[in-house]
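S.K.: Questions regarding the structure given below will be posed in turn.
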Amino acid sequence: MSDAKPLALLGLTLEELRAVVERFGQPSYRARQLFDALYGQRVQSAEQISTLPLEFRRSLGASEFSLGGPRIERKFVSSDGTVRYLMAFADGQSVETVWMPEGDGGETGDGSEAGAPPRGWDRATVCVSSQVGCAVDCRFCLTALLGVKRNLTAGEMVGQVSAVLNDQHVSPPEDRVNLVFMGMGEPFLNYESFMKAVLLLIEGVGIPASRMTVSTAGIVPRIYDFGAEPVRPKLAISLNAPNDELRAQLMPLNRKWNLEKLMMAAREFPLRNREKLTFEYVLLDQVNDSEENARELAELLQGVRAKVNLIALNPGPGISFATPAEERVERFQSILTAARVPAFVRRPRGRDIYAACGQLKRTLELAEPG
Ligand code: SAH
């Protein structure tokens, strides 16, 4: 083995794979076989690609190319079924990816074959990370304490999904899997790789764009770019405060892209038929969760086709805010609802294993002492 960094196959488009197979003197139709094996079958090694001739498999296996998926380094299982994975990449960096099964797998029907064994869930969501750490510095988020180490490649984002699907023995589109780009990092500060991953996940892995949501802290120019994409996931915006003063305290990026700019991008965002924007709002006890804040938020969102997801703070070491009592959360929600702003309270998933929103950091520390 040389010291040269292995070239990852995972993350390459069909066109890019064509260039690879040609380098090996193979006909270009082999690129399609490679593509299907990588993304559709999610093989773990070149040897497993049974559609390719043995000789090509061997030379691929011996070459500078590797499949390039992450290794599942650790796995934590919550009492609510949530699983948090620590995914390690070739360079030793790691991120967290979360599996969240929902429903009870009962009779209500998800299209699974009659007679199939019950599996305990109807649909599941995978929460994908886009960067190692994060640069945005939101005051209530544990990931922020890491700073940003680097962007993930498209292959590393697709690889998180593949590794989880393989570990859970799940295959879309037969199994209903949603993706949320809400793990570690700010996807819109790694925009091109994020969009490339989205297309590979749609075309290769078979997860429709309608089952994907990306969440941004409010990188305004990228919201416009994203709206212009011919194929795209749904959009969520992390709002977290109803006025500039408070938002700038909680999310310093508000000084660069304030609420006027953010809300203008939101209002101009080209929504599809029946599509809604999602605004996420982390409730911090006595900080942004008053009745006045709720009224201000309802006012801010008037005329926007949107819903609000309220999340009571998931606490963590180094975070100085507190989680509001349930009555405060309910009161906040009811003020929004009364003002005809649809609002939902998101229940935390996997808090006991530190898998909930804003808590993705712990294992990283454990894995990288010092
Ligand atoms: N950078 C992107 C995506 C990752 S954060 C973004 O900011 O949207 C995903 C969501 O988790 C955001 O809505 C964020 O506001 C929320 N969040 C962050 N820290 C949290 C915490 N401690 N408790 C609850 N939600 C949190």
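Here, A, B, ... name the chains of the structure tokens in the order displayed, residue numbers run from 1 inside each chain, and ligands are numbered from 1 in the same displayed order.
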Which residues of chain A sit at most 6 Å from ligand 1, using only C-alpha atoms and all ligand atoms? Give each one's shortest atom pair and distance in Å (one decimal place), in chain and ascending residue order, as a tab-separated table.
M.R.:
```
residue	atom	partner	partner_atom_place_in_ligand_line	distance
A:Phe140	CA	ligand 1	22 (N)	5.0
A:Cys141	CA	ligand 1	19 (N)	3.6
A:Met182	CA	ligand 1	4 (C)	4.0
A:Gly183	CA	ligand 1	4 (C)	5.1
A:Met184	CA	ligand 1	4 (C)	5.7
A:Gly185	CA	ligand 1	1 (N)	5.2
A:Glu186	CA	ligand 1	1 (N)	3.7
A:Ser215	CA	ligand 1	8 (O)	4.1
A:Thr216	CA	ligand 1	8 (O)	3.8
A:Ala217	CA	ligand 1	7 (O)	3.6
A:Ile237	CA	ligand 1	8 (O)	5.9
A:Ser238	CA	ligand 1	13 (O)	4.4
A:Glu280	CA	ligand 1	13 (O)	4.9
A:Val282	CA	ligand 1	25 (N)	5.2
A:Ile311	CA	ligand 1	24 (C)	5.5
A:Ala312	CA	ligand 1	24 (C)	6.0
A:Leu313	CA	ligand 1	23 (N)	3.8
A:Asn314	CA	ligand 1	23 (N)	3.8
A:Pro315	CA	ligand 1	22 (N)	5.5
A:Cys357	CA	ligand 1	25 (N)	4.4
A:Gly358	CA	ligand 1	19 (N)	3.1
A:Gln359	CA	ligand 1	22 (N)	5.9
```
S.K.: Run DSSP on the backbone and give me the residues of region 86-263 of chain A it puts in helix (DSSP H, G or I), as a PyMOL selection string.
M.R.: chain A and resi 143-146+154-168+187-189+191-205+209-211+220-227+244-250+252-255+259-263
S.K.: Do you have, as a Markdown table, the list of residues of region 1-82 of chain A lying at most 12 Å from region 96-106 of chain A, each with its nearest atom pair and that distance in Å to one decimal, counting only C-alpha atoms and ordered by chain then number?
M.R.:
```
| residue | atom | partner | partner_atom | distance |
| --- | --- | --- | --- | --- |
| A:Pro70 | CA | A:Glu96 | CA | 10.8 |
| A:Arg71 | CA | A:Glu96 | CA | 11.4 |
| A:Ile72 | CA | A:Glu96 | CA | 9.7 |
| A:Glu73 | CA | A:Glu96 | CA | 10.0 |
| A:Arg74 | CA | A:Glu96 | CA | 9.5 |
| A:Lys75 | CA | A:Glu96 | CA | 9.6 |
| A:Phe76 | CA | A:Val98 | CA | 9.6 |
| A:Val77 | CA | A:Trp99 | CA | 9.5 |
| A:Ser78 | CA | A:Met100 | CA | 9.8 |
| A:Ser79 | CA | A:Met100 | CA | 11.5 |
| A:Asp80 | CA | A:Met100 | CA | 8.7 |
| A:Gly81 | CA | A:Pro101 | CA | 6.4 |
| A:Thr82 | CA | A:Met100 | CA | 4.7 |
```
S.K.: Using only C-alpha atoms, pick whichever of A:Val198, A:Val132, A:Leu9, A:Ala124 has the shortest atom-to-atom distance to Gln168 (chain A).
M.R.: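 Closest candidate: A:Ala124.
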S.K.: Quick one: everything within 10 Å of Glu15 (chain A), counting only C-alpha atoms, minus sequence neighbours fewer than 4 positions away in the same chain. Send it as a PyMOL selection string.
M.R.: chain A and resi 19-20+28+31-32+35
S.K.: Limited to C-alpha atoms, could you put the picked residues into a file as a PDB file, in the first residue's frame?
M.R.:
```
ATOM      1  CA  ALA A  19     -14.202   7.826 -16.531  1.00  0.00           C
ATOM      2  CA  VAL A  20     -13.095   5.316 -13.886  1.00  0.00           C
ATOM      3  CA  SER A  28     -18.589   2.302 -20.381  1.00  0.00           C
ATOM      4  CA  ALA A  31     -20.254   2.336 -15.040  1.00  0.00           C
ATOM      5  CA  ARG A  32     -23.986   1.722 -14.655  1.00  0.00           C
ATOM      6  CA  PHE A  35     -23.363   2.772  -9.889  1.00  0.00           C
TER       7      PHE A  35
END
```
S.K.: Which polymer residues have any atom within 9 Å of an atom of Ala306 (chain A), counting only C-alpha atoms, with same-chain residues fewer than 4 positions away left out, as number ranges by chain?
M.R.: A: 275-279, 301, 341-342
S.K.: Output N, CA, C and O atoms for every residue in that selection, as a tab-separated table (two decimals), in the first residue's frame.
M.R.:
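That gives us part31.tsv:
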```
chain	number	residue	atom	x	y	z
A	275	GLU	N	-46.63	22.50	-0.76
A	275	GLU	CA	-45.44	22.48	0.08
A	275	GLU	C	-45.47	23.63	1.08
A	275	GLU	O	-46.05	24.68	0.81
A	276	LYS	N	-44.89	23.38	2.25
A	276	LYS	CA	-44.78	24.44	3.25
A	276	LYS	C	-43.33	24.55	3.69
A	276	LYS	O	-42.60	23.56	3.70
A	277	LEU	N	-42.95	25.75	4.09
A	277	LEU	CA	-41.65	25.91	4.75
A	277	LEU	C	-41.81	25.45	6.20
A	277	LEU	O	-42.89	25.57	6.77
A	278	THR	N	-40.73	24.95	6.76
A	278	THR	CA	-40.75	24.66	8.19
A	278	THR	C	-39.83	25.66	8.89
A	278	THR	O	-38.73	25.92	8.42
A	279	PHE	N	-40.32	26.23	9.98
A	279	PHE	CA	-39.46	27.03	10.85
A	279	PHE	C	-39.26	26.27	12.15
A	279	PHE	O	-40.23	25.86	12.78
A	301	LEU	N	-44.47	35.66	10.98
A	301	LEU	CA	-44.76	34.61	10.00
A	301	LEU	C	-46.07	34.82	9.25
A	301	LEU	O	-46.45	34.00	8.42
A	341	VAL	N	-51.07	30.08	12.89
A	341	VAL	CA	-49.77	29.58	12.47
A	341	VAL	C	-49.69	28.13	12.96
A	341	VAL	O	-49.67	27.90	14.16
A	342	PRO	N	-49.67	27.16	12.04
A	342	PRO	CA	-49.61	25.77	12.48
A	342	PRO	C	-48.33	25.51	13.26
A	342	PRO	O	-47.24	25.84	12.79
```
S.K.: Leaving out Gly218 (chain A) and any residue of its chain fewer than 3 positions from it, which residues lie within 10 Å of it when counting only C-alpha atoms, given as a list in words?
M.R.: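 So the residues in contact are Val136, Glu186, Phe188, Ser215, Pro221, Arg222, Ile223, Ala236, Ile237, Ser238, Leu239, Met251, Leu253, Asn254, Lys256, Trp257, Asn258, Leu259, Lys261, Leu262, Met263, Ala265 and Ala266 of chain A.
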S.K.: Kindly save the residues from that selection, with C-alpha atoms included, as an mmCIF file, in the first residue's frame.
M.R.:
```cif
data_model
loop_
_atom_site.group_PDB
_atom_site.id
_atom_site.type_symbol
_atom_site.label_atom_id
_atom_site.label_comp_id
_atom_site.auth_asym_id
_atom_site.auth_seq_id
_atom_site.Cartn_x
_atom_site.Cartn_y
_atom_site.Cartn_z
ATOM 1 C CA VAL A 136 -22.203 28.623 12.983
ATOM 2 C CA GLU A 186 -24.505 23.531 8.409
ATOM 3 C CA PHE A 188 -25.630 25.318 3.299
ATOM 4 C CA SER A 215 -32.323 22.510 7.700
ATOM 5 C CA PRO A 221 -27.674 33.415 -0.452
ATOM 6 C CA ARG A 222 -27.846 29.619 -0.445
ATOM 7 C CA ILE A 223 -31.592 29.721 0.282
ATOM 8 C CA ALA A 236 -36.500 24.043 7.132
ATOM 9 C CA ILE A 237 -35.111 27.249 8.625
ATOM 10 C CA SER A 238 -33.861 27.435 12.203
ATOM 11 C CA LEU A 239 -35.403 30.639 13.466
ATOM 12 C CA MET A 251 -27.262 32.880 16.706
ATOM 13 C CA LEU A 253 -24.886 34.675 12.185
ATOM 14 C CA ASN A 254 -27.956 36.907 12.484
ATOM 15 C CA LYS A 256 -24.655 38.932 8.853
ATOM 16 C CA TRP A 257 -28.075 37.796 7.669
ATOM 17 C CA ASN A 258 -30.702 39.477 9.812
ATOM 18 C CA LEU A 259 -34.398 38.647 10.028
ATOM 19 C CA LYS A 261 -33.019 39.373 4.818
ATOM 20 C CA LEU A 262 -33.933 35.907 6.057
ATOM 21 C CA MET A 263 -37.668 36.501 5.933
ATOM 22 C CA ALA A 265 -35.666 34.894 1.242
ATOM 23 C CA ALA A 266 -38.364 32.811 2.955
#
```
S.K.: Counting only C-alpha atoms, what is within 10 Å of Ala37 (chain A), bar same-chain residues fewer than 2 positions away, as a PyMOL selection string?
M.R.: chain A and resi 31-35+39-46+48-52+204-205
S.K.: Could you please take those selected residues and save all heavy atoms as a short mmCIF file (atom, residue, chain, number, x, y, z; two decimals), in the first residue's frame?
M.R.:
```
data_model
loop_
_atom_site.label_atom_id
_atom_site.label_comp_id
_atom_site.auth_asym_id
_atom_site.auth_seq_id
_atom_site.Cartn_x
_atom_site.Cartn_y
_atom_site.Cartn_z
N ALA A 31 -20.06 1.24 -16.00
CA ALA A 31 -20.25 2.34 -15.04
C ALA A 31 -21.63 2.22 -14.39
O ALA A 31 -21.79 2.42 -13.19
CB ALA A 31 -20.10 3.68 -15.73
N ARG A 32 -22.62 1.88 -15.17
CA ARG A 32 -23.99 1.72 -14.66
C ARG A 32 -24.04 0.57 -13.64
O ARG A 32 -24.67 0.67 -12.59
CB ARG A 32 -24.95 1.51 -15.83
CG ARG A 32 -26.35 1.10 -15.49
CD ARG A 32 -27.03 1.95 -14.45
NE ARG A 32 -27.58 3.19 -14.93
CZ ARG A 32 -28.33 4.02 -14.19
NH1 ARG A 32 -28.60 3.74 -12.93
NH2 ARG A 32 -28.79 5.14 -14.69
N GLN A 33 -23.33 -0.52 -13.96
CA GLN A 33 -23.31 -1.66 -13.03
C GLN A 33 -22.65 -1.27 -11.71
O GLN A 33 -23.10 -1.64 -10.63
CB GLN A 33 -22.57 -2.84 -13.67
CG GLN A 33 -23.30 -3.38 -14.90
CD GLN A 33 -22.49 -4.43 -15.64
OE1 GLN A 33 -21.27 -4.28 -15.79
NE2 GLN A 33 -23.16 -5.46 -16.11
N LEU A 34 -21.59 -0.49 -11.84
CA LEU A 34 -20.88 -0.03 -10.65
C LEU A 34 -21.78 0.91 -9.83
O LEU A 34 -21.87 0.81 -8.59
CB LEU A 34 -19.61 0.70 -11.11
CG LEU A 34 -18.45 0.89 -10.15
CD1 LEU A 34 -18.09 -0.39 -9.43
CD2 LEU A 34 -17.23 1.42 -10.93
N PHE A 35 -22.46 1.80 -10.53
CA PHE A 35 -23.36 2.77 -9.89
C PHE A 35 -24.46 2.04 -9.11
O PHE A 35 -24.73 2.33 -7.94
CB PHE A 35 -23.97 3.67 -10.98
CG PHE A 35 -24.82 4.80 -10.46
CD1 PHE A 35 -24.26 6.03 -10.12
CD2 PHE A 35 -26.20 4.65 -10.31
CE1 PHE A 35 -25.04 7.08 -9.66
CE2 PHE A 35 -26.99 5.69 -9.85
CZ PHE A 35 -26.41 6.91 -9.52
N TYR A 39 -24.74 2.27 -5.00
CA TYR A 39 -25.82 3.02 -4.36
C TYR A 39 -27.09 2.21 -4.17
O TYR A 39 -27.80 2.39 -3.19
CB TYR A 39 -26.13 4.28 -5.19
CG TYR A 39 -24.93 5.16 -5.35
CD1 TYR A 39 -24.27 5.28 -6.58
CD2 TYR A 39 -24.42 5.87 -4.26
CE1 TYR A 39 -23.15 6.08 -6.72
CE2 TYR A 39 -23.30 6.67 -4.39
CZ TYR A 39 -22.67 6.78 -5.63
OH TYR A 39 -21.57 7.57 -5.76
N GLY A 40 -27.40 1.33 -5.13
CA GLY A 40 -28.64 0.56 -5.05
C GLY A 40 -28.48 -0.65 -4.14
O GLY A 40 -29.28 -0.86 -3.23
N GLN A 41 -27.44 -1.45 -4.40
CA GLN A 41 -27.22 -2.64 -3.57
C GLN A 41 -26.41 -2.33 -2.33
O GLN A 41 -26.38 -3.10 -1.39
CB GLN A 41 -26.46 -3.71 -4.36
CG GLN A 41 -27.21 -4.35 -5.49
CD GLN A 41 -26.21 -5.10 -6.36
OE1 GLN A 41 -25.92 -4.70 -7.48
NE2 GLN A 41 -25.65 -6.18 -5.80
N ARG A 42 -25.68 -1.24 -2.38
CA ARG A 42 -24.85 -0.80 -1.26
C ARG A 42 -23.85 -1.87 -0.84
O ARG A 42 -23.80 -2.28 0.33
CB ARG A 42 -25.73 -0.34 -0.08
CG ARG A 42 -26.80 0.67 -0.48
CD ARG A 42 -27.49 1.23 0.71
NE ARG A 42 -28.05 0.22 1.56
CZ ARG A 42 -29.28 -0.27 1.47
NH1 ARG A 42 -30.10 0.22 0.56
NH2 ARG A 42 -29.69 -1.20 2.28
N VAL A 43 -23.07 -2.33 -1.82
CA VAL A 43 -22.05 -3.34 -1.54
C VAL A 43 -20.99 -2.76 -0.62
O VAL A 43 -20.79 -1.54 -0.56
CB VAL A 43 -21.35 -3.82 -2.85
CG1 VAL A 43 -22.33 -4.58 -3.71
CG2 VAL A 43 -20.73 -2.66 -3.60
N GLN A 44 -20.31 -3.63 0.11
CA GLN A 44 -19.29 -3.18 1.06
C GLN A 44 -17.86 -3.35 0.53
O GLN A 44 -16.92 -2.90 1.16
CB GLN A 44 -19.41 -3.95 2.39
CG GLN A 44 -20.84 -4.24 2.78
CD GLN A 44 -21.32 -3.44 3.97
OE1 GLN A 44 -20.65 -2.51 4.40
NE2 GLN A 44 -22.47 -3.78 4.50
N SER A 45 -17.72 -4.05 -0.60
CA SER A 45 -16.40 -4.18 -1.19
C SER A 45 -16.55 -4.46 -2.69
O SER A 45 -17.61 -4.92 -3.14
CB SER A 45 -15.62 -5.34 -0.55
OG SER A 45 -16.14 -6.57 -1.01
N ALA A 46 -15.47 -4.19 -3.44
CA ALA A 46 -15.51 -4.40 -4.89
C ALA A 46 -15.76 -5.88 -5.22
O ALA A 46 -16.41 -6.20 -6.21
CB ALA A 46 -14.20 -3.94 -5.52
N GLN A 48 -17.75 -7.83 -3.97
CA GLN A 48 -19.17 -8.20 -3.90
C GLN A 48 -19.96 -7.81 -5.15
O GLN A 48 -21.14 -8.13 -5.25
CB GLN A 48 -19.84 -7.50 -2.71
CG GLN A 48 -19.41 -8.03 -1.36
CD GLN A 48 -20.04 -7.22 -0.24
OE1 GLN A 48 -20.63 -6.16 -0.45
NE2 GLN A 48 -19.89 -7.71 0.99
N ILE A 49 -19.35 -7.10 -6.08
CA ILE A 49 -20.11 -6.62 -7.24
C ILE A 49 -20.18 -7.73 -8.29
O ILE A 49 -19.39 -7.79 -9.22
CB ILE A 49 -19.49 -5.34 -7.83
CG1 ILE A 49 -19.22 -4.33 -6.69
CG2 ILE A 49 -20.43 -4.73 -8.87
CD1 ILE A 49 -18.61 -3.04 -7.14
N SER A 50 -21.16 -8.60 -8.13
CA SER A 50 -21.20 -9.83 -8.92
C SER A 50 -21.52 -9.58 -10.39
O SER A 50 -21.31 -10.47 -11.22
CB SER A 50 -22.21 -10.80 -8.32
OG SER A 50 -23.45 -10.15 -8.18
N THR A 51 -22.01 -8.39 -10.72
CA THR A 51 -22.29 -8.11 -12.13
C THR A 51 -21.01 -7.81 -12.92
O THR A 51 -21.02 -7.83 -14.13
CB THR A 51 -23.24 -6.89 -12.26
OG1 THR A 51 -22.75 -5.85 -11.40
CG2 THR A 51 -24.66 -7.25 -11.88
N LEU A 52 -19.93 -7.52 -12.21
CA LEU A 52 -18.67 -7.19 -12.90
C LEU A 52 -17.82 -8.45 -13.09
O LEU A 52 -17.84 -9.33 -12.23
CB LEU A 52 -17.88 -6.16 -12.09
CG LEU A 52 -18.52 -4.80 -11.84
CD1 LEU A 52 -17.57 -3.93 -11.01
CD2 LEU A 52 -18.90 -4.11 -13.14
N GLY A 204 -29.54 7.03 -6.99
CA GLY A 204 -28.85 5.79 -6.70
C GLY A 204 -29.49 4.96 -5.60
O GLY A 204 -29.78 3.78 -5.77
N VAL A 205 -29.74 5.61 -4.46
CA VAL A 205 -30.23 4.87 -3.30
C VAL A 205 -31.75 4.68 -3.38
O VAL A 205 -32.31 3.75 -2.83
CB VAL A 205 -29.80 5.57 -1.98
CG1 VAL A 205 -30.27 4.80 -0.76
CG2 VAL A 205 -28.28 5.72 -1.94
#
```
S.K.: Hey, what's within 8 Å of Val329 (chain A) if we count only C-alpha atoms and toss same-chain stuff fewer than 6 positions away? As a ChimeraX atom specification, please?
M.R.: /A:283,289,310,312,345
S.K.: Using only C-alpha atoms, which residue out of A:Gln131, A:Ser94, A:Ser162, A:Asn243 lies closest to Ser193 (chain A)?
M.R.: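 For Ser193 (chain A), the nearest of the candidates is A:Gln131.
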S.K.: Interatomic distance between CA of Thr143 (chain A) and CA of Phe321 (chain A)?
M.R.: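 Taking CA of Thr143 (chain A) as the start and CA of Phe321 (chain A) as the end point, the length is 15.0 Å.
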S.K.: For a quick check of understanding, using only C-alpha atoms, which of A:Ala197, A:Met264, A:Ala338, A:Val180 has the smallest distance to Leu235 (chain A)?
M.R.: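 Of all the options, A:Val180 lies closest to Leu235 (chain A).
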S.K.: Could you please determine the separation between CA of Ser59 (chain A) and CA of Glu156 (chain A) in Å, to one decimal place?
M.R.: 23.6 Å
S.K.: Calculate how many Å separate CA of Gly68 (chain A) from CA of Ile353 (chain A), rounding to one decimal.
M.R.: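 The value is 27.5 Å.
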